[in-house]
Amino acid sequence: MRALSRALVVLALVAAAHAASAEDLSDPAASLEESEPSCPPEIVPPWPEEGDEPDYLGWADGAVPLAAIASCTSWDGWQPTLVVSLAGVFRLDGGVNALLARLGGISGFAGVKYWSFYNRDWTTMIKSASALKSADAKARREDFTAAELGDGAPRYFVQHDNRSTGGTVYRLRVTERSDDLLRVEVENVTKVSFLIVTAYQPRDLRSVHVFRRAGPRLWRYFGLAGMRASGVSVLGRASATNRTVAIYRHLIGVPTDQEPPAALE
């Protein structure tokens with residue numbers, strides 16, 4: 001009788017583990033409604049398998065689907081000249097607070113690398129980065145905590161990347177947050193200069209990052225990165241795609257210079 005009881009306990013534990021595993025491995029190719037319901041399917045890349053590289057789409061100039069993008073962002077009336085969308089599936093322990101901690105760890109973005117279409121090599125994209133007390137680039141402070149980002153107030157950081165001369169101040173704000181969803185919007189609040197040329201005016205570099213839980217430790221990511229060049233653009237579609245993938249890799253804890261590059265041409 002005791003042997004039978006032990007066998008039943010073992011079977012129950014195995015069944016529970018199997019159920020948890022099945023839930024954790026929920027289909028990453030599920031419908032758009034389960035991932036980012038507000039965005040039209042024409043701007044959402046196919047969902048990759050867990051562990052695969054993110055999939056992406058890109059549009060430039062007159063091909064940018066402005067109406068579709070405006071329908072699920074706060075970009076209504078803004079006309080970007082280049083947009084990249086990204087879809088990824090990844091595992092993460094710690095839930096939304098872990099995501100907020102990674103987003104708030106601004107100093108950790110320094111050293112992020114991407115595949116440079118121009119250099120044909122892995123290149124440091126972000127030379128330095130710091131959280132700010134305000135929109136003043138000199139008001140530097142320690143990294144943001146998960147609690148600070150999670151309250152929904154605008155937060156500011158300064159970042160110096162390899163395609164700008166000097167630092168650029170950005171505003172970051174959590175616009176939606178629950179145990180199963182995190183939505184973050186980022187935009188530049190100071191101009192981006194390259195040598196003596198203004199490449200991007202304030203608010204002309206924008207991104208939206210949506211993380212949605214697909215299982216106990218499984219998450220789907222959907223992101224949009226848009227830019228509107230002011231005169232001469234310093235980024236083409238391949239470089240913009242690779243830079244977007246680099247940020248995604250950093251956020252999910254993958255080496256940013258991991259082979260293979262996303263866009264080679």
# chains A, B, ... in the order shown; residues from 1 in each chain; ligands from 1
>>> closest_atom_pairs(of="segment 157-248 of chain A", to="segment 54-64 of chain A", cutoff="8 Å", atoms="only C-alpha atoms", output="CSV")
residue,atom,partner,partner_atom,distance
A:Arg237,CA,A:Gly58,CA,6.8
A:Thr241,CA,A:Gly58,CA,7.5
A:Val245,CA,A:Pro54,CA,7.5
>>> select_by_dssp(residues="segment 93-182 of chain A", states="alpha helix (DSSP H)", output="tab-separated table (two decimals) with N, CA, C and O atoms, in the first residue's frame")
chain	number	residue	atom	x	y	z
A	95	GLY	N	10.36	38.07	-13.80
A	95	GLY	CA	9.17	38.79	-14.24
A	95	GLY	C	9.41	40.24	-14.63
A	95	GLY	O	10.52	40.63	-15.01
A	96	VAL	N	8.37	41.04	-14.50
A	96	VAL	CA	8.41	42.43	-14.94
A	96	VAL	C	9.47	43.23	-14.19
A	96	VAL	O	10.14	44.09	-14.78
A	97	ASN	N	9.66	42.95	-12.91
A	97	ASN	CA	10.67	43.69	-12.15
A	97	ASN	C	12.07	43.46	-12.70
A	97	ASN	O	12.91	44.37	-12.69
A	98	ALA	N	12.33	42.26	-13.19
A	98	ALA	CA	13.64	41.98	-13.79
A	98	ALA	C	13.81	42.78	-15.08
A	98	ALA	O	14.90	43.30	-15.37
A	99	LEU	N	12.74	42.90	-15.87
A	99	LEU	CA	12.80	43.71	-17.08
A	99	LEU	C	13.03	45.18	-16.75
A	99	LEU	O	13.84	45.86	-17.39
A	100	LEU	N	12.33	45.67	-15.73
A	100	LEU	CA	12.50	47.07	-15.33
A	100	LEU	C	13.92	47.33	-14.84
A	100	LEU	O	14.50	48.39	-15.11
A	101	ALA	N	14.48	46.36	-14.12
A	101	ALA	CA	15.85	46.53	-13.62
A	101	ALA	C	16.85	46.61	-14.79
A	101	ALA	O	17.79	47.41	-14.75
A	102	ARG	N	16.62	45.82	-15.82
A	102	ARG	CA	17.52	45.87	-16.98
A	102	ARG	C	17.36	47.18	-17.73
A	102	ARG	O	18.34	47.77	-18.17
A	103	LEU	N	16.14	47.63	-17.88
A	103	LEU	CA	15.91	48.91	-18.55
A	103	LEU	C	16.50	50.06	-17.75
A	103	LEU	O	17.04	51.01	-18.32
A	104	GLY	N	16.38	49.98	-16.43
A	104	GLY	CA	16.88	51.06	-15.57
A	104	GLY	C	18.37	51.06	-15.38
A	104	GLY	O	18.94	52.07	-14.94
A	146	ALA	N	14.00	49.45	-10.35
A	146	ALA	CA	12.77	48.97	-10.96
A	146	ALA	C	11.57	49.76	-10.46
A	146	ALA	O	10.66	50.08	-11.22
A	147	ALA	N	11.58	50.09	-9.17
A	147	ALA	CA	10.46	50.84	-8.60
A	147	ALA	C	10.36	52.23	-9.21
A	147	ALA	O	9.25	52.73	-9.47
A	148	GLU	N	11.49	52.88	-9.44
A	148	GLU	CA	11.47	54.22	-10.02
A	148	GLU	C	10.90	54.21	-11.44
A	148	GLU	O	10.08	55.06	-11.79
A	149	LEU	N	11.33	53.24	-12.24
A	149	LEU	CA	10.80	53.18	-13.60
A	149	LEU	C	9.34	52.79	-13.61
A	149	LEU	O	8.55	53.27	-14.43
A	150	GLY	N	8.96	51.92	-12.70
A	150	GLY	CA	7.62	51.36	-12.70
A	150	GLY	C	6.53	52.33	-12.31
A	150	GLY	O	5.34	52.03	-12.50
>>> closest_residue(among="A:Ala137, A:Val184, A:Asp179, A:Gln201", to="Gly215 of chain A", atoms="only C-alpha atoms")
A:Asp179
>>> residues_around(residues="Pro261 of chain A", least_positions_apart="6", cutoff="8 Å", atoms="only C-alpha atoms", output="PyMOL selection string")
chain A and resi 114-115+242
>>> write_last_selection(atoms="N, CA and C atoms", output="short mmCIF file (atom, residue, chain, number, x, y, z; two decimals), in the first residue's frame")
data_model
loop_
_atom_site.label_atom_id
_atom_site.label_comp_id
_atom_site.auth_asym_id
_atom_site.auth_seq_id
_atom_site.Cartn_x
_atom_site.Cartn_y
_atom_site.Cartn_z
N TYR A 114 27.19 46.39 -32.01
CA TYR A 114 26.30 46.01 -33.10
C TYR A 114 27.15 45.73 -34.34
N TRP A 115 26.54 45.06 -35.32
CA TRP A 115 27.25 44.80 -36.56
C TRP A 115 27.11 46.04 -37.45
N ASN A 242 20.41 46.55 -37.19
CA ASN A 242 21.41 45.94 -36.32
C ASN A 242 21.51 46.65 -34.97
#
>>> residues_around(residues="Ser128 of chain A", least_positions_apart="2", cutoff="6 Å", atoms="only C-alpha atoms", output="list in words")
Ala110, Ile126, Gln159 and His160 of chain A
>>> residues_around(residues="segment 186-193 of chain A", least_positions_apart="3", cutoff="6 Å", atoms="only C-alpha atoms", output="compact mmCIF listing (two decimals) with N, CA and C atoms, in the first residue's frame")
# COMPACT_ATOMS: atom_id res chain seq x y z
N SER A 164 27.24 59.88 -33.18
CA SER A 164 26.89 61.24 -32.76
C SER A 164 28.13 61.91 -32.18
N THR A 165 28.10 63.23 -32.19
CA THR A 165 29.17 64.02 -31.59
C THR A 165 28.67 64.54 -30.26
N THR A 168 23.48 62.64 -26.15
CA THR A 168 22.09 62.98 -26.46
C THR A 168 21.22 62.59 -25.27
N VAL A 169 20.32 63.47 -24.88
CA VAL A 169 19.42 63.19 -23.77
C VAL A 169 18.14 62.54 -24.30
N TYR A 170 17.71 61.48 -23.62
CA TYR A 170 16.49 60.76 -23.99
C TYR A 170 15.52 60.74 -22.82
N ARG A 171 14.25 60.65 -23.15
CA ARG A 171 13.19 60.47 -22.15
C ARG A 171 12.66 59.04 -22.26
N LEU A 172 12.52 58.38 -21.13
CA LEU A 172 12.01 57.01 -21.07
C LEU A 172 10.80 57.01 -20.14
N VAL A 197 26.93 68.73 -38.34
CA VAL A 197 25.61 68.56 -38.95
C VAL A 197 24.61 68.05 -37.91
N THR A 198 23.40 68.61 -37.91
CA THR A 198 22.33 68.08 -37.08
C THR A 198 21.67 66.94 -37.83
N ALA A 199 21.84 65.73 -37.32
CA ALA A 199 21.29 64.55 -37.99
C ALA A 199 19.82 64.34 -37.64
N TYR A 200 19.47 64.56 -36.35
CA TYR A 200 18.09 64.35 -35.90
C TYR A 200 17.70 65.44 -34.91
N GLN A 201 16.55 66.02 -35.13
CA GLN A 201 16.02 67.03 -34.23
C GLN A 201 15.42 66.34 -32.99
N PRO A 202 15.13 67.12 -31.92
CA PRO A 202 14.45 66.52 -30.76
C PRO A 202 13.16 65.80 -31.17
N ARG A 203 12.94 64.65 -30.57
CA ARG A 203 11.77 63.78 -30.78
C ARG A 203 11.78 63.10 -32.15
N LEU A 205 13.97 60.60 -32.87
CA LEU A 205 14.38 59.21 -32.64
C LEU A 205 13.41 58.65 -31.59
N ARG A 206 12.57 57.72 -32.00
CA ARG A 206 11.55 57.20 -31.08
C ARG A 206 11.53 55.67 -31.13
N SER A 207 11.19 55.09 -30.00
CA SER A 207 11.05 53.63 -29.96
C SER A 207 9.98 53.23 -28.96
>>> atom_distance(atom1="atom CA of Arg213 of chain A", atom2="atom CA of Val112 of chain A")
25.4 Å
>>> residues_around(residues="Glu50 of chain A", least_positions_apart="2", cutoff="7 Å", atoms="only C-alpha atoms", output="MDAnalysis selection string")
chainID A and resid 28 48 52 89:90
>>> atom_distance(atom1="atom CA of Met227 of chain A", atom2="atom CA of Leu86 of chain A")
14.9 Å
>>> atom_distance(atom1="atom CA of Cys72 of chain A", atom2="atom CA of Leu224 of chain A")
10.2 Å
>>> select_by_dssp(residues="segment 45-257 of chain A", states="strand (DSSP E)", output="ChimeraX atom specification")
/A:55-60,82-91,113-116,121-124,126-132,140-141,155-161,168-177,181-188,192-194,197-200,205-213,218-227
>>> closest_atom_pairs(of="segment 145-251 of chain A", to="segment 122-125 of chain A", cutoff="8 Å", atoms="only C-alpha atoms", output="CSV")
residue,atom,partner,partner_atom,distance
A:Asp161,CA,A:Met125,CA,5.4
A:Asn162,CA,A:Met125,CA,5.3
A:Arg163,CA,A:Met125,CA,7.9
A:Arg243,CA,A:Met125,CA,7.5
>>> closest_residue(among="A:Ala67, A:Ile43, A:Ala87, A:Ala262", to="Tyr221 of chain A", atoms="only C-alpha atoms")
A:Ala87
